[in-house]
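> Input start-v3.cif, format and content: mmCIF, C-alpha atoms and all ligand atoms.
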```cif
data_run
loop_
_atom_site.label_atom_id
_atom_site.label_comp_id
_atom_site.auth_asym_id
_atom_site.auth_seq_id
_atom_site.Cartn_x
_atom_site.Cartn_y
_atom_site.Cartn_z
CA MET A 858 0.00 0.00 0.00
CA ALA A 859 1.47 3.38 -1.05
CA ALA A 860 1.16 6.19 1.51
CA LYS A 861 -0.62 9.28 0.18
CA LYS A 862 1.66 12.28 0.57
CA GLY A 863 -1.20 14.70 -0.11
CA LEU A 864 -3.04 13.40 2.97
CA GLY A 865 0.01 13.74 5.22
CA GLN A 866 0.39 9.98 5.54
CA ASN A 867 3.59 9.40 7.52
CA PHE A 868 2.87 6.30 9.58
CA LEU A 869 4.52 5.63 12.94
CA ALA A 870 6.67 2.52 12.99
CA ASP A 871 8.48 2.70 16.33
CA ALA A 872 7.25 1.14 19.57
CA ASN A 873 9.23 3.57 21.76
CA ILE A 874 7.68 6.66 20.21
CA LEU A 875 4.21 5.12 20.46
CA ARG A 876 4.86 4.51 24.17
CA LYS A 877 6.09 8.08 24.58
CA ILE A 878 2.95 9.54 22.97
CA VAL A 879 0.67 7.31 25.03
CA GLY A 880 2.66 8.19 28.18
CA ALA A 881 2.35 11.92 27.47
CA ALA A 882 -1.44 11.62 27.63
CA ASP A 883 -1.50 10.11 31.18
CA LEU A 884 -4.05 7.57 30.03
CA THR A 885 -6.22 5.55 32.39
CA SER A 886 -8.72 2.77 31.83
CA ASP A 887 -11.55 5.32 32.29
CA ASP A 888 -10.43 7.55 29.42
CA VAL A 889 -12.28 8.09 26.18
CA VAL A 890 -9.90 9.24 23.43
CA LEU A 891 -10.53 10.84 20.06
CA GLU A 892 -7.79 10.12 17.52
CA ILE A 893 -7.48 12.03 14.25
CA GLY A 894 -6.09 10.00 11.37
CA ALA A 895 -6.04 6.27 12.10
CA GLY A 896 -3.61 5.58 9.25
CA VAL A 897 -2.79 1.89 9.45
CA GLY A 898 -3.77 1.73 13.11
CA ALA A 899 -0.43 1.77 14.97
CA LEU A 900 -1.35 4.53 17.42
CA THR A 901 -4.99 3.40 17.53
CA THR A 902 -3.86 -0.02 18.76
CA ALA A 903 -1.53 1.46 21.39
CA LEU A 904 -4.36 3.68 22.63
CA ALA A 905 -6.92 0.88 22.67
CA GLU A 906 -4.67 -1.14 24.98
CA ASN A 907 -4.71 1.65 27.58
CA VAL A 908 -8.16 3.26 27.60
CA LYS A 909 -11.87 2.50 27.84
CA ARG A 910 -12.78 3.66 24.35
CA VAL A 911 -11.08 5.06 21.23
CA ILE A 912 -12.94 6.88 18.47
CA THR A 913 -10.71 7.37 15.47
CA VAL A 914 -11.52 9.54 12.45
CA GLU A 915 -9.83 8.77 9.13
CA THR A 916 -10.49 10.54 5.84
CA ASP A 917 -8.96 7.91 3.54
CA ARG A 918 -11.56 5.21 2.89
CA SER A 919 -9.07 3.10 0.94
CA LEU A 920 -7.48 2.23 4.32
CA ALA A 921 -10.71 0.49 5.44
CA PRO A 922 -9.79 -3.13 4.58
CA LEU A 923 -6.36 -2.89 6.25
CA LEU A 924 -7.69 -1.03 9.29
CA THR A 925 -10.54 -3.48 9.75
CA GLU A 926 -8.00 -6.30 9.78
CA VAL A 927 -5.54 -4.54 12.15
CA LEU A 928 -8.30 -3.53 14.57
CA ALA A 929 -10.23 -6.83 14.42
CA GLY A 930 -11.27 -7.94 17.91
CA ARG A 931 -10.66 -4.49 19.44
CA ASN A 932 -14.16 -3.96 20.77
CA ASN A 933 -13.32 -0.60 22.32
CA VAL A 934 -12.43 1.04 18.98
CA GLU A 935 -14.88 2.91 16.74
CA LEU A 936 -13.76 3.83 13.26
CA VAL A 937 -15.36 6.89 11.67
CA PHE A 938 -14.56 7.66 8.03
CA GLY A 939 -14.66 11.36 7.15
CA ASP A 940 -12.81 14.66 7.11
CA ILE A 941 -12.43 15.84 10.71
CA LEU A 942 -12.79 19.47 9.61
CA LYS A 943 -16.27 18.70 8.28
CA LEU A 944 -17.36 16.74 11.35
CA ASN A 945 -18.58 18.14 14.66
CA PRO A 946 -16.49 16.58 17.50
CA ALA A 947 -19.41 17.12 19.88
CA LEU A 948 -21.63 14.94 17.69
CA ILE A 949 -18.96 12.24 17.41
CA LEU A 950 -18.35 12.09 21.16
CA GLY A 951 -21.90 12.70 22.40
CA THR A 952 -22.05 13.25 26.14
CA VAL A 953 -18.63 11.82 27.07
CA PRO A 954 -17.32 13.98 29.95
CA ALA A 955 -13.77 15.41 29.60
CA PRO A 956 -12.46 13.30 26.70
CA LYS A 957 -8.84 13.42 25.53
CA VAL A 958 -7.37 13.79 22.06
CA VAL A 959 -4.26 11.91 20.99
CA ALA A 960 -3.10 12.21 17.39
CA ASN A 961 -0.20 12.05 14.97
CA LEU A 962 -1.62 14.87 12.88
CA PRO A 963 -1.48 15.23 9.10
CA TYR A 964 1.01 18.10 8.86
CA TYR A 965 -0.69 19.94 5.99
CA ILE A 966 -3.69 20.85 8.18
CA THR A 967 -2.22 20.83 11.71
CA THR A 968 -3.44 24.25 12.85
CA PRO A 969 -6.94 24.10 11.32
CA ILE A 970 -7.48 20.74 13.09
CA ILE A 971 -6.22 22.04 16.45
CA PHE A 972 -8.47 25.12 16.31
CA HIS A 973 -11.42 23.06 15.07
CA LEU A 974 -11.06 20.91 18.21
CA LEU A 975 -10.39 23.80 20.63
CA GLU A 976 -13.29 25.86 19.30
CA SER A 977 -15.75 22.96 19.54
CA ALA A 978 -18.18 22.84 22.45
CA ILE A 979 -16.21 20.07 24.19
CA SER A 980 -14.38 20.47 27.51
CA TRP A 981 -11.24 18.51 26.61
CA ARG A 982 -9.24 17.14 29.49
CA MET A 983 -6.00 17.09 27.51
CA LEU A 984 -4.80 17.05 23.89
CA VAL A 985 -1.54 15.37 22.85
CA PHE A 986 -0.30 15.92 19.32
CA LEU A 987 2.62 14.85 17.20
CA VAL A 988 3.33 17.86 14.96
CA GLN A 989 6.20 19.37 12.98
CA LYS A 990 8.92 20.56 15.34
CA GLU A 991 8.75 24.02 13.79
CA VAL A 992 5.02 24.25 14.62
CA ALA A 993 5.63 22.95 18.16
CA ASP A 994 8.27 25.68 18.66
CA ARG A 995 5.75 28.33 17.61
CA MET A 996 3.11 26.86 19.90
CA VAL A 997 5.29 27.08 23.03
CA SER A 998 7.19 30.28 22.22
CA PRO A 999 7.14 33.16 24.75
CA PRO A 1000 6.94 36.81 23.57
CA GLY A 1001 10.21 38.27 22.35
CA ASN A 1002 11.16 35.17 20.39
CA LYS A 1003 11.48 35.24 16.58
CA VAL A 1004 8.88 32.47 16.19
CA TYR A 1005 6.35 34.05 18.59
CA GLY A 1006 3.26 34.75 16.50
CA ALA A 1007 -0.50 34.46 16.12
CA LEU A 1008 -0.37 30.68 16.70
CA SER A 1009 1.57 31.12 19.98
CA VAL A 1010 -0.87 33.73 21.30
CA MET A 1011 -4.06 31.93 20.27
CA ILE A 1012 -2.99 28.49 21.55
CA GLN A 1013 -1.51 29.81 24.81
CA SER A 1014 -4.64 31.79 25.57
CA TYR A 1015 -6.71 28.60 25.33
CA CYS A 1016 -4.25 26.13 26.87
CA GLN A 1017 -1.16 25.49 28.89
CA VAL A 1018 1.26 24.12 26.26
CA GLU A 1019 4.22 21.83 26.95
CA LEU A 1020 6.85 20.44 24.61
CA VAL A 1021 7.18 16.78 25.62
CA GLY A 1022 10.01 15.78 23.30
CA THR A 1023 11.36 15.78 19.77
CA VAL A 1024 10.89 12.93 17.31
CA PRO A 1025 13.28 12.17 14.39
CA PRO A 1026 12.09 11.42 10.81
CA THR A 1027 13.45 7.85 11.11
CA VAL A 1028 10.46 6.60 13.16
CA PHE A 1029 7.99 7.16 10.28
CA ILE A 1030 7.22 5.28 7.08
CA PRO A 1031 7.66 7.11 4.76
CA ARG A 1032 10.08 9.52 6.45
CA PRO A 1033 9.03 13.19 6.51
CA LYS A 1034 11.66 15.80 5.54
CA VAL A 1035 11.35 17.59 8.89
CA GLN A 1036 11.82 16.91 12.61
CA SER A 1037 8.66 16.35 14.65
CA ALA A 1038 7.70 16.93 18.27
CA ILE A 1039 5.15 15.81 20.83
CA VAL A 1040 3.15 18.62 22.45
CA ARG A 1041 0.68 18.41 25.34
CA LEU A 1042 -2.15 20.95 25.60
CA THR A 1043 -4.11 21.33 28.83
CA PRO A 1044 -7.10 23.64 28.31
CA LYS A 1045 -7.38 26.54 30.76
CA SER A 1046 -10.69 27.13 32.41
CA ARG A 1047 -11.90 30.41 30.96
CA ASP A 1048 -15.21 32.17 30.49
CA PHE A 1049 -16.39 31.66 26.97
CA SER A 1050 -17.32 34.95 25.33
CA PRO A 1051 -17.75 34.86 21.53
CA ALA A 1052 -17.65 38.70 21.45
CA ILE A 1053 -14.30 38.93 23.28
CA ASP A 1054 -12.91 36.02 21.26
CA HIS A 1055 -13.84 37.80 18.04
CA CYS A 1056 -12.15 41.01 19.18
CA PHE A 1057 -9.12 39.00 20.41
CA SER A 1058 -8.62 37.27 17.08
CA LEU A 1059 -8.95 40.62 15.22
CA LEU A 1060 -6.26 42.14 17.45
CA VAL A 1061 -3.89 39.20 17.14
CA ARG A 1062 -4.22 39.02 13.37
CA ALA A 1063 -3.75 42.79 12.99
CA VAL A 1064 -0.61 42.82 15.14
CA PHE A 1065 1.11 39.85 13.50
CA SER A 1066 0.24 40.82 9.92
CA SER A 1067 2.56 43.83 10.43
CA ARG A 1068 4.80 42.66 13.25
CA ARG A 1069 7.42 45.40 12.92
CA LYS A 1070 4.88 48.17 13.50
CA ASN A 1071 4.21 49.64 16.92
CA LEU A 1072 0.94 48.89 18.69
CA TYR A 1073 -0.60 52.22 17.70
CA ASN A 1074 0.17 51.80 13.99
CA SER A 1075 -0.77 48.15 13.76
CA LEU A 1076 -4.12 48.73 15.49
CA ARG A 1077 -4.95 51.83 13.42
CA SER A 1078 -6.20 49.71 10.54
CA ILE A 1079 -8.84 48.06 12.73
CA PHE A 1080 -9.78 51.07 14.86
CA SER A 1081 -13.02 51.49 12.97
CA GLN A 1082 -14.10 47.98 14.01
CA LEU A 1083 -12.97 48.48 17.60
CA GLY A 1084 -14.76 51.70 18.52
CA GLY A 1085 -12.48 54.49 17.35
CA GLU A 1086 -8.94 55.70 17.92
CA THR A 1087 -9.59 57.49 21.21
CA LYS A 1088 -11.05 54.38 22.80
CA VAL A 1089 -8.18 52.20 21.71
CA MET A 1090 -5.58 54.67 22.99
CA ALA A 1091 -7.45 54.87 26.31
CA ALA A 1092 -7.60 51.07 26.45
CA LEU A 1093 -3.85 50.75 25.85
CA ARG A 1094 -3.03 53.31 28.54
CA GLY A 1095 -5.59 51.81 30.94
CA LEU A 1096 -3.76 48.47 30.71
CA GLY A 1097 -0.35 50.06 31.17
CA LEU A 1098 0.64 49.39 27.55
CA ASP A 1099 2.78 51.82 25.58
CA PRO A 1100 1.21 52.64 22.17
CA LEU A 1101 4.75 52.87 20.79
CA GLN A 1102 5.81 49.37 21.82
CA ARG A 1103 5.66 46.68 19.15
CA GLY A 1104 2.48 44.60 19.33
CA GLU A 1105 4.53 41.41 19.10
CA THR A 1106 5.89 42.09 22.62
CA LEU A 1107 2.44 41.57 24.20
CA SER A 1108 1.85 38.36 26.14
CA PRO A 1109 -1.27 36.23 25.42
CA THR A 1110 -2.74 37.55 28.71
CA GLU A 1111 -2.18 41.17 27.62
CA PHE A 1112 -3.77 40.51 24.22
CA TYR A 1113 -6.79 38.97 25.92
CA ALA A 1114 -7.06 41.76 28.49
CA LEU A 1115 -6.97 44.35 25.70
CA ALA A 1116 -9.68 42.51 23.77
CA ALA A 1117 -11.86 42.23 26.90
CA TYR A 1118 -11.37 45.93 27.71
CA LEU A 1119 -12.27 47.04 24.19
CA GLN A 1120 -15.26 44.72 24.10
CA GLU A 1121 -16.52 46.10 27.39
CA GLU A 1122 -16.21 49.66 26.09
CA LEU A 1123 -18.16 49.07 22.87
N1 LIG B 1201 -2.15 7.60 13.32
C1 LIG B 1201 -1.36 7.05 12.25
C2 LIG B 1201 0.07 6.83 12.73
O1 LIG B 1201 0.43 7.46 13.72
O2 LIG B 1201 0.79 6.07 12.09
C3 LIG B 1201 -1.38 7.93 10.99
C4 LIG B 1201 -0.87 9.33 11.13
S1 LIG B 1201 -0.65 10.19 9.60
C5 LIG B 1201 0.55 11.39 10.05
C6 LIG B 1201 -2.10 11.20 9.47
C7 LIG B 1201 -3.38 10.49 9.09
O3 LIG B 1201 -4.44 11.46 9.02
C8 LIG B 1201 -3.36 9.80 7.72
O4 LIG B 1201 -3.81 8.47 7.85
C9 LIG B 1201 -4.32 10.61 6.85
O5 LIG B 1201 -5.00 9.85 5.87
C10 LIG B 1201 -5.28 11.16 7.90
N2 LIG B 1201 -5.95 12.42 7.50
C11 LIG B 1201 -5.50 13.37 6.65
N3 LIG B 1201 -6.38 14.39 6.55
C12 LIG B 1201 -7.42 14.07 7.39
C13 LIG B 1201 -8.65 14.71 7.71
N4 LIG B 1201 -8.98 15.90 7.17
N5 LIG B 1201 -9.50 14.10 8.57
C14 LIG B 1201 -9.16 12.89 9.13
N6 LIG B 1201 -8.01 12.25 8.85
C15 LIG B 1201 -7.14 12.82 8.00
#
```
How would this structure read if it were set down as structure tokens?


Amino acid sequence: MAAKKGLGQNFLADANILRKIVGAADLTSDDVVLEIGAGVGALTTALAENVKRVITVETDRSLAPLLTEVLAGRNNVELVFGDILKLNPALILGTVPAPKVVANLPYYITTPIIFHLLESAISWRMLVFLVQKEVADRMVSPPGNKVYGALSVMIQSYCQVELVGTVPPTVFIPRPKVQSAIVRLTPKSRDFSPAIDHCFSLLVRAVFSSRRKNLYNSLRSIFSQLGGETKVMAALRGLGLDPLQRGETLSPTEFYALAAYLQEEL
């Protein structure tokens, strides 16, 4: 069977790495786990041995015969064929309380999948992903670092993010061209406000689309949507932020506080 590059099919073929991923998720026999991308079932099998139930979503229906064979007799595994981005995780999982996600993600849609899961109505207990090392570095980066960007701010405002370890190309078939890494995301408890979230994502996108500009200049372009220049200047000063500092120096907490302040004022 030829792996499909276009679907990000790099299958895990190393028992140690499988153990490391499973270990990173602190699995117990009470856990219900959602996996994205069953592939040929290596991680699915390792998960099934450690938890109560695994629901795995795979977009490539041509893997069905092989997967059915590999997972035969595993009564705690449910295979769902479809594109995860077109499926509602809440409908797949039903009323399961605090499920976990464990996945070796297809690298071409890593961030859309992560946000699709985080923005769903589910209270995840923990999410463990194998991603490109370069993406993992952006996810964990603090402000002031060259790779600190919109992904760092958005992910860190939703979750506590930890880099568990790096993974070499040699553990995959076929081998990817890049290094990979395991990351663990533990969602923060936060009040859900669609209005603040909207404002927050506008701010973050505006700042990082012109990261060399100061806060005042990078926010100017969206002032009309945020209630006018005077209000934004007052908001910056009210939060102790200097309008002349670069927006990219703000921490996720400062971005969120600014969004909440502006939202309150509107
Ligand atoms: N879990 C397996 C492993 O660790 O060996 C496979 C991981 S492979 C990196 C990613 C898998 O995600 C592939 O099997 C691919 O077909 C599947 N995939 C790609 N796009 C997908 C999507 N939109 N929804 C669900 N699965 C997808």

> Name all residues at most 6 Å from segment 987-990 of chain A (count all atoms listed in the file; drop same-chain ones fewer than 3 positions away) and give them as a PyMOL selection string.

chain A and resi 961+993+1036-1039

> Taking only C-alpha atoms into account, which of A:Pro956, A:Gly865, A:Gly1085, A:Pro922 comes nearest Gly898 of chain A?

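Of the candidates, the smallest distance to Gly898 of chain A is held by A:Pro922.
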
> What is the atom C13 of ligand LIG 1201 (chain B)-atom CA of Ile941 of chain A distance in Å, reported with one decimal?

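Pair atom C13 of ligand LIG 1201 (chain B) / atom CA of Ile941 of chain A returns 5.0 Å.
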
> Would you list the contacts of Ser1108 of chain A as JSON, numbers by chain, taking every protein, DNA or RNA residue within 10 Å and counting all atoms listed in the file, but skipping same-chain residues closer than 3 positions in sequence?

{"A": [999, 1000, 1001, 1005, 1009, 1010, 1013, 1014, 1104, 1105, 1111, 1112, 1113, 1114]}

> Generate the output file for the selected residues, C-alpha atoms, as a compact mmCIF listing (two decimals), keeping the file's coordinate frame.


```txt
# COMPACT_ATOMS: atom_id res chain seq x y z
CA PRO A 999 7.14 33.16 24.75
CA PRO A 1000 6.94 36.81 23.57
CA GLY A 1001 10.21 38.27 22.35
CA TYR A 1005 6.35 34.05 18.59
CA SER A 1009 1.57 31.12 19.98
CA VAL A 1010 -0.87 33.73 21.30
CA GLN A 1013 -1.51 29.81 24.81
CA SER A 1014 -4.64 31.79 25.57
CA GLY A 1104 2.48 44.60 19.33
CA GLU A 1105 4.53 41.41 19.10
CA GLU A 1111 -2.18 41.17 27.62
CA PHE A 1112 -3.77 40.51 24.22
CA TYR A 1113 -6.79 38.97 25.92
CA ALA A 1114 -7.06 41.76 28.49
```

> Select, from A:Lys861, A:Arg1032, A:Arg1062, A:Lys1070, the residue with the minimum atom-to-atom distance to Arg918 of chain A, counting all atoms listed in the file.

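Comparing A:Lys861, A:Arg1032, A:Arg1062, A:Lys1070 against Arg918 of chain A, the winner is A:Lys861.
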
> List as a PDB file with C-alpha atoms, keeping the file's coordinate frame the protein and nucleic acid residues lying within 8 Å of ligand LIG 1201 (chain B), with only C-alpha atoms and all ligand atoms counted.


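Once everything was written out, this is pocket32.pdb:
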```pdb
ATOM      1  CA  LYS A 861      -0.620   9.280   0.180  1.00  0.00           C
ATOM      2  CA  LEU A 864      -3.040  13.400   2.970  1.00  0.00           C
ATOM      3  CA  GLY A 865       0.010  13.740   5.220  1.00  0.00           C
ATOM      4  CA  GLN A 866       0.390   9.980   5.540  1.00  0.00           C
ATOM      5  CA  ASN A 867       3.590   9.400   7.520  1.00  0.00           C
ATOM      6  CA  PHE A 868       2.870   6.300   9.580  1.00  0.00           C
ATOM      7  CA  LEU A 869       4.520   5.630  12.940  1.00  0.00           C
ATOM      8  CA  ALA A 870       6.670   2.520  12.990  1.00  0.00           C
ATOM      9  CA  GLU A 892      -7.790  10.120  17.520  1.00  0.00           C
ATOM     10  CA  ILE A 893      -7.480  12.030  14.250  1.00  0.00           C
ATOM     11  CA  GLY A 894      -6.090  10.000  11.370  1.00  0.00           C
ATOM     12  CA  ALA A 895      -6.040   6.270  12.100  1.00  0.00           C
ATOM     13  CA  GLY A 896      -3.610   5.580   9.250  1.00  0.00           C
ATOM     14  CA  VAL A 897      -2.790   1.890   9.450  1.00  0.00           C
ATOM     15  CA  GLY A 898      -3.770   1.730  13.110  1.00  0.00           C
ATOM     16  CA  ALA A 899      -0.430   1.770  14.970  1.00  0.00           C
ATOM     17  CA  LEU A 900      -1.350   4.530  17.420  1.00  0.00           C
ATOM     18  CA  THR A 901      -4.990   3.400  17.530  1.00  0.00           C
ATOM     19  CA  VAL A 914     -11.520   9.540  12.450  1.00  0.00           C
ATOM     20  CA  GLU A 915      -9.830   8.770   9.130  1.00  0.00           C
ATOM     21  CA  THR A 916     -10.490  10.540   5.840  1.00  0.00           C
ATOM     22  CA  ASP A 917      -8.960   7.910   3.540  1.00  0.00           C
ATOM     23  CA  PHE A 938     -14.560   7.660   8.030  1.00  0.00           C
ATOM     24  CA  GLY A 939     -14.660  11.360   7.150  1.00  0.00           C
ATOM     25  CA  ASP A 940     -12.810  14.660   7.110  1.00  0.00           C
ATOM     26  CA  ILE A 941     -12.430  15.840  10.710  1.00  0.00           C
ATOM     27  CA  LEU A 942     -12.790  19.470   9.610  1.00  0.00           C
ATOM     28  CA  LYS A 943     -16.270  18.700   8.280  1.00  0.00           C
ATOM     29  CA  ALA A 960      -3.100  12.210  17.390  1.00  0.00           C
ATOM     30  CA  ASN A 961      -0.200  12.050  14.970  1.00  0.00           C
ATOM     31  CA  LEU A 962      -1.620  14.870  12.880  1.00  0.00           C
ATOM     32  CA  PRO A 963      -1.480  15.230   9.100  1.00  0.00           C
ATOM     33  CA  TYR A 964       1.010  18.100   8.860  1.00  0.00           C
ATOM     34  CA  TYR A 965      -0.690  19.940   5.990  1.00  0.00           C
ATOM     35  CA  ILE A 966      -3.690  20.850   8.180  1.00  0.00           C
ATOM     36  CA  ILE A 970      -7.480  20.740  13.090  1.00  0.00           C
ATOM     37  CA  PHE A1029       7.990   7.160  10.280  1.00  0.00           C
TER      38      PHE A1029
END
```

> Report as an mmCIF file with C-alpha atoms, in the coordinates of the input all protein, DNA and RNA residues lying within 12 Å of Ser1067 of chain A, evaluated on all atoms listed in the file, omitting residues in the same chain fewer than 3 positions from it.


```cif
data_model
loop_
_atom_site.group_PDB
_atom_site.id
_atom_site.type_symbol
_atom_site.label_atom_id
_atom_site.label_comp_id
_atom_site.auth_asym_id
_atom_site.auth_seq_id
_atom_site.Cartn_x
_atom_site.Cartn_y
_atom_site.Cartn_z
ATOM 1 C CA GLY A 1006 3.260 34.750 16.500
ATOM 2 C CA ALA A 1007 -0.500 34.460 16.120
ATOM 3 C CA LEU A 1060 -6.260 42.140 17.450
ATOM 4 C CA VAL A 1061 -3.890 39.200 17.140
ATOM 5 C CA ARG A 1062 -4.220 39.020 13.370
ATOM 6 C CA ALA A 1063 -3.750 42.790 12.990
ATOM 7 C CA VAL A 1064 -0.610 42.820 15.140
ATOM 8 C CA LYS A 1070 4.880 48.170 13.500
ATOM 9 C CA ASN A 1071 4.210 49.640 16.920
ATOM 10 C CA LEU A 1072 0.940 48.890 18.690
ATOM 11 C CA TYR A 1073 -0.600 52.220 17.700
ATOM 12 C CA ASN A 1074 0.170 51.800 13.990
ATOM 13 C CA SER A 1075 -0.770 48.150 13.760
ATOM 14 C CA LEU A 1076 -4.120 48.730 15.490
ATOM 15 C CA ARG A 1077 -4.950 51.830 13.420
ATOM 16 C CA SER A 1078 -6.200 49.710 10.540
ATOM 17 C CA ARG A 1103 5.660 46.680 19.150
ATOM 18 C CA GLY A 1104 2.480 44.600 19.330
ATOM 19 C CA GLU A 1105 4.530 41.410 19.100
#
```

> Can you tell me how far atom CA of Thr925 of chain A sits from atom CA of Val1024 of chain A, in Å to one decimal?

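Separation of atom CA of Thr925 of chain A and atom CA of Val1024 of chain A: 28.0 Å.
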
> Expressed in Å to a single decimal, how great is the separation between atom CA of Leu1042 of chain A and atom CA of Ser980 of chain A?

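Atom CA of Leu1042 of chain A sits 12.4 Å away from atom CA of Ser980 of chain A.
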
> Given the choices A:Thr1087, A:Thr952, A:Ser1050, A:Thr1023, which gets closest to Ile979 of chain A if the distance is worked out from only C-alpha atoms?

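Counting only C-alpha atoms, the residue closest to Ile979 of chain A is A:Thr952.
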